[in-house]
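Q: Can you keep this structure in mind? I'll have questions shortly.
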Amino acid sequence: MMKPKIGIVVFPGSNCDHDTFYTMHDVLGYDTKYIWHKEKSVGEVDVVFLPGGFSYGDYLRTGAIARFSPIMDSVIDFAENGGVTIGICNGFQVLCECGLLPGIMQKNDSLNFISKDVYLKVENKNTPFTSDVPDELLKVPVAHGEGNYFADEATIKDLEENNQILFKYASINGSTDSDFNPNGSVKNIAGIVNKKQNILGMMPHPERYSNSILGKNDGRYIFKSIAKNLIN
Amino acid sequence: MYKATVIVKRRPKILDPQGKAVEHGAKLLGFDNVQKTRIGKYIEFEINTDDHELAEKEVKEYAEKLLSNPIMEDFEYKLEKNDEA
C-alpha cells in the first residue's frame, strides 16, 4: 500500500503537532515531517495538516496572525490546487481566517473552555475524509475555548445544499438536537469541507483517538479514508 | 507621524456572549438600567509618515486585513497628526 507523505505545519503556539505526528508516523506508519511556519514551501507532500493549539497565543482572533505566516502562501496554493488539507481545532480557525473555508469561530456560548468526548454524526460519507467511516457516529474529544462556528444564513444554506457539512455534534443515539451542542455552533456544525472536497476543517481532535491502546480509535477512520482515496 | 486608533465592534446582529456575561455582573452590582452591553476592541498605533493619504490607506488596510474579520466585525478609525513623537 502506498504510504502518504504528510506535512504538519508548526506555528509558534501549536501544541497538537506532536500528537498528529505520533498518529501519522508511529501509529499509521506514514512518511511524516514537520514544516516550520517560516518555511516558504510545503514541499513534496500528499497531505498538509494545520494542527491544534494556540498559534500566536490566540491574540486578536484565533488563527488571525498565523494566517499571515510565510508558509501560508504555499499552503493556500497547495489547497487551491486540490491538495488534501486538514485543519484541526486551531487549524480549522486558521483555514477560516485565510478564507479557504467559509465562516469564523467565536467564543463558546458558555464562555467555558470545553475538554470532553463528543459524538459526531457523519452527515456525508461520500467524501475522501469519510468514505471509510463504518458507522454514522464517531466518538472523539473536543478541547477548545473558541469553537462556536458562525456563518451568515446564505453561507449555511450553501454549505447544506452542497453537502459540505461533514460532522455535527450529536448524542450517543445520533440526535443532532441543540441539546447536544457543546459550544453554540450554528446547526451543531463540528466540521466542514470546501466544495471541491479536498479541504477539511474540524474542531474535534481525531488524532487524539487513533490508537487502540488508548481504547478509542474512531479518529483513525478519517485518516484511513484519506490514505485510501489518495491511491485511487 | 500619525497616531491611529481603531475600534473593532461585533456586528449588531451577532451574539456577544462576553457582553452578556459582563452585563450579568452589572445586574449583580445593582445597575438595573444597564442594557445591551457589547464588547469590542480598541487598538492604537503610530504610522510613520507625514503623507495623510498614505496613512489613511494603511490604517484602512490594516484594519480590514488583520485587525477585524468582516464576517462578524465592523471597524471605525481615527487618524491624528502627531508631531510630538
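Residues are named by chain letter and number: chains run A, B, ... in the order of the C-alpha cells, numbers start at 1 in each chain, and ligands are numbered from 1 in the order shown.
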Quick one: which chain B residues come within 12 Å of chain A, and what is the nearest atom pair for each with the distance in Å to one decimal, counting only C-alpha atoms, rows ordered by chain and ascending number, as a Markdown table?

A:
| residue | atom | partner | partner_atom | distance |
| --- | --- | --- | --- | --- |
| B:Val8 | CA | A:Leu60 | CA | 10.4 |
| B:Arg10 | CA | A:Gln106 | CA | 10.7 |
| B:Arg11 | CA | A:Asp152 | CA | 11.5 |
| B:Lys13 | CA | A:Asp152 | CA | 10.4 |
| B:Ile14 | CA | A:Phe150 | CA | 9.1 |
| B:Leu15 | CA | A:Asp109 | CA | 8.9 |
| B:Asp16 | CA | A:Asp109 | CA | 8.5 |
| B:Pro17 | CA | A:Asp109 | CA | 5.8 |
| B:Gln18 | CA | A:Leu111 | CA | 7.2 |
| B:Gly19 | CA | A:Leu111 | CA | 10.7 |
| B:Lys20 | CA | A:Asp109 | CA | 9.9 |
| B:Ala21 | CA | A:Leu111 | CA | 8.3 |
| B:Val22 | CA | A:Leu111 | CA | 11.2 |
| B:Gly40 | CA | A:Leu60 | CA | 10.8 |
| B:Lys41 | CA | A:Leu60 | CA | 8.7 |
| B:Tyr42 | CA | A:Leu60 | CA | 10.7 |
| B:Ile43 | CA | A:Leu60 | CA | 10.0 |
| B:Ala63 | CA | A:Leu60 | CA | 11.5 |
| B:Glu64 | CA | A:Ala64 | CA | 11.9 |
| B:Lys65 | CA | A:Ala64 | CA | 9.3 |
| B:Leu66 | CA | A:Ala64 | CA | 6.7 |
| B:Leu67 | CA | A:Leu60 | CA | 7.0 |
| B:Ser68 | CA | A:Leu60 | CA | 8.4 |
| B:Asn69 | CA | A:Glu97 | CA | 7.8 |
| B:Pro70 | CA | A:Ile104 | CA | 9.7 |
| B:Ile71 | CA | A:Gly103 | CA | 6.9 |
| B:Met72 | CA | A:Ile104 | CA | 7.9 |
| B:Glu73 | CA | A:Ile104 | CA | 10.7 |

Q: Can you list, as a list in words, every residue of region 2-85 of chain B that DSSP puts in helix (DSSP H, G or I)?

A: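 Answer for region 2-85 of chain B, restricted to helix (DSSP H, G or I): Pro17, Gln18, Gly19, Lys20, Ala21, Val22, Glu23, His24, Gly25, Ala26, Lys27, Leu28, Leu29, His52, Glu53, Leu54, Ala55, Glu56, Lys57, Glu58, Val59, Lys60, Glu61, Tyr62, Ala63, Glu64, Lys65, Leu66 and Leu67 of chain B.
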
Q: Where in chain B does DSSP assign strand (DSSP E), given as a compact mmCIF listing (two decimals) with C-alpha atoms, in the first residue's frame?

A:
# COMPACT_ATOMS: atom_id res chain seq x y z
CA TYR B 2 0.18 59.98 12.56
CA LYS B 3 -1.49 58.44 15.55
CA ALA B 4 -4.24 55.98 14.65
CA THR B 5 -6.94 54.45 16.78
CA VAL B 6 -9.12 51.61 15.58
CA ILE B 7 -12.26 50.36 17.28
CA VAL B 8 -13.46 46.91 16.25
CA LYS B 9 -17.09 46.09 17.01
CA ARG B 10 -19.13 42.96 16.54
CA LYS B 41 -11.53 46.00 20.79
CA TYR B 42 -9.58 49.24 20.96
CA ILE B 43 -6.26 49.31 19.10
CA GLU B 44 -3.84 52.24 18.84
CA PHE B 45 -0.67 52.61 16.83
CA GLU B 46 1.52 55.10 15.01
CA ILE B 47 2.06 55.40 11.29
CA GLU B 73 -16.98 42.66 12.78
CA ASP B 74 -17.06 46.30 11.67
CA PHE B 75 -14.42 48.89 12.45
CA GLU B 76 -14.09 52.63 12.91
CA TYR B 77 -10.84 54.53 12.86
CA LYS B 78 -9.44 57.93 13.77
CA LEU B 79 -6.25 59.50 12.45
CA GLU B 80 -4.48 62.37 14.18
CA LYS B 81 -1.36 64.19 13.15

Q: Identify, on the basis of only C-alpha atoms, every residue whose closest approach to Gly52 (chain A) does not exceed 9 Å; exclude the query and any residue fewer than 6 positions from it along the same chain; express the result as a ChimeraX atom specification.

A: /A:14-17,20,87-92,203,205

Q: Based on the selection just made, write N, CA and C atoms of those residues as a PDB file, in the first residue's frame.

A:
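Final output, saved to result_8.pdb:
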ATOM      1  N   SER A  14       1.533  26.184  18.364  1.00  0.00           N
ATOM      2  CA  SER A  14       0.878  24.903  18.031  1.00  0.00           C
ATOM      3  C   SER A  14       1.193  23.927  19.156  1.00  0.00           C
ATOM      4  N   ASN A  15       0.236  23.092  19.532  1.00  0.00           N
ATOM      5  CA  ASN A  15       0.566  22.094  20.557  1.00  0.00           C
ATOM      6  C   ASN A  15      -0.003  20.709  20.266  1.00  0.00           C
ATOM      7  N   CYS A  16      -0.684  20.547  19.140  1.00  0.00           N
ATOM      8  CA  CYS A  16      -1.139  19.211  18.761  1.00  0.00           C
ATOM      9  C   CYS A  16      -0.310  18.691  17.593  1.00  0.00           C
ATOM     10  N   ASP A  17       0.769  19.415  17.279  1.00  0.00           N
ATOM     11  CA  ASP A  17       1.643  18.991  16.188  1.00  0.00           C
ATOM     12  C   ASP A  17       2.273  17.636  16.505  1.00  0.00           C
ATOM     13  N   THR A  20      -0.312  14.815  16.315  1.00  0.00           N
ATOM     14  CA  THR A  20      -0.585  14.497  14.918  1.00  0.00           C
ATOM     15  C   THR A  20       0.572  13.701  14.317  1.00  0.00           C
ATOM     16  N   GLY A  87      -7.409  21.037   8.672  1.00  0.00           N
ATOM     17  CA  GLY A  87      -7.195  21.898   9.826  1.00  0.00           C
ATOM     18  C   GLY A  87      -7.988  21.357  10.996  1.00  0.00           C
ATOM     19  N   ILE A  88      -7.282  21.055  12.083  1.00  0.00           N
ATOM     20  CA  ILE A  88      -7.950  20.538  13.271  1.00  0.00           C
ATOM     21  C   ILE A  88      -7.888  21.607  14.359  1.00  0.00           C
ATOM     22  N   CYS A  89      -9.056  21.923  14.923  1.00  0.00           N
ATOM     23  CA  CYS A  89      -9.142  22.869  16.044  1.00  0.00           C
ATOM     24  C   CYS A  89      -8.542  24.219  15.627  1.00  0.00           C
ATOM     25  N   ASN A  90      -7.398  24.613  16.180  1.00  0.00           N
ATOM     26  CA  ASN A  90      -6.792  25.878  15.777  1.00  0.00           C
ATOM     27  C   ASN A  90      -6.528  25.900  14.265  1.00  0.00           C
ATOM     28  N   GLY A  91      -6.251  24.744  13.698  1.00  0.00           N
ATOM     29  CA  GLY A  91      -6.033  24.654  12.257  1.00  0.00           C
ATOM     30  C   GLY A  91      -7.291  25.014  11.476  1.00  0.00           C
ATOM     31  N   PHE A  92      -8.445  24.614  11.990  1.00  0.00           N
ATOM     32  CA  PHE A  92      -9.741  24.978  11.392  1.00  0.00           C
ATOM     33  C   PHE A  92      -9.909  26.504  11.454  1.00  0.00           C
ATOM     34  N   MET A 203     -13.351  21.028  14.469  1.00  0.00           N
ATOM     35  CA  MET A 203     -12.918  21.397  15.821  1.00  0.00           C
ATOM     36  C   MET A 203     -12.488  20.186  16.653  1.00  0.00           C
ATOM     37  N   HIS A 205     -10.807  16.494  17.786  1.00  0.00           N
ATOM     38  CA  HIS A 205      -9.441  16.004  17.565  1.00  0.00           C
ATOM     39  C   HIS A 205      -9.397  14.519  17.223  1.00  0.00           C
TER      40      HIS A 205
END

Q: Could you state the separation of CA of Pro70 (chain A) and CA of Asp46 (chain A) in Å, given to one decimal place?

A: 19.8 Å
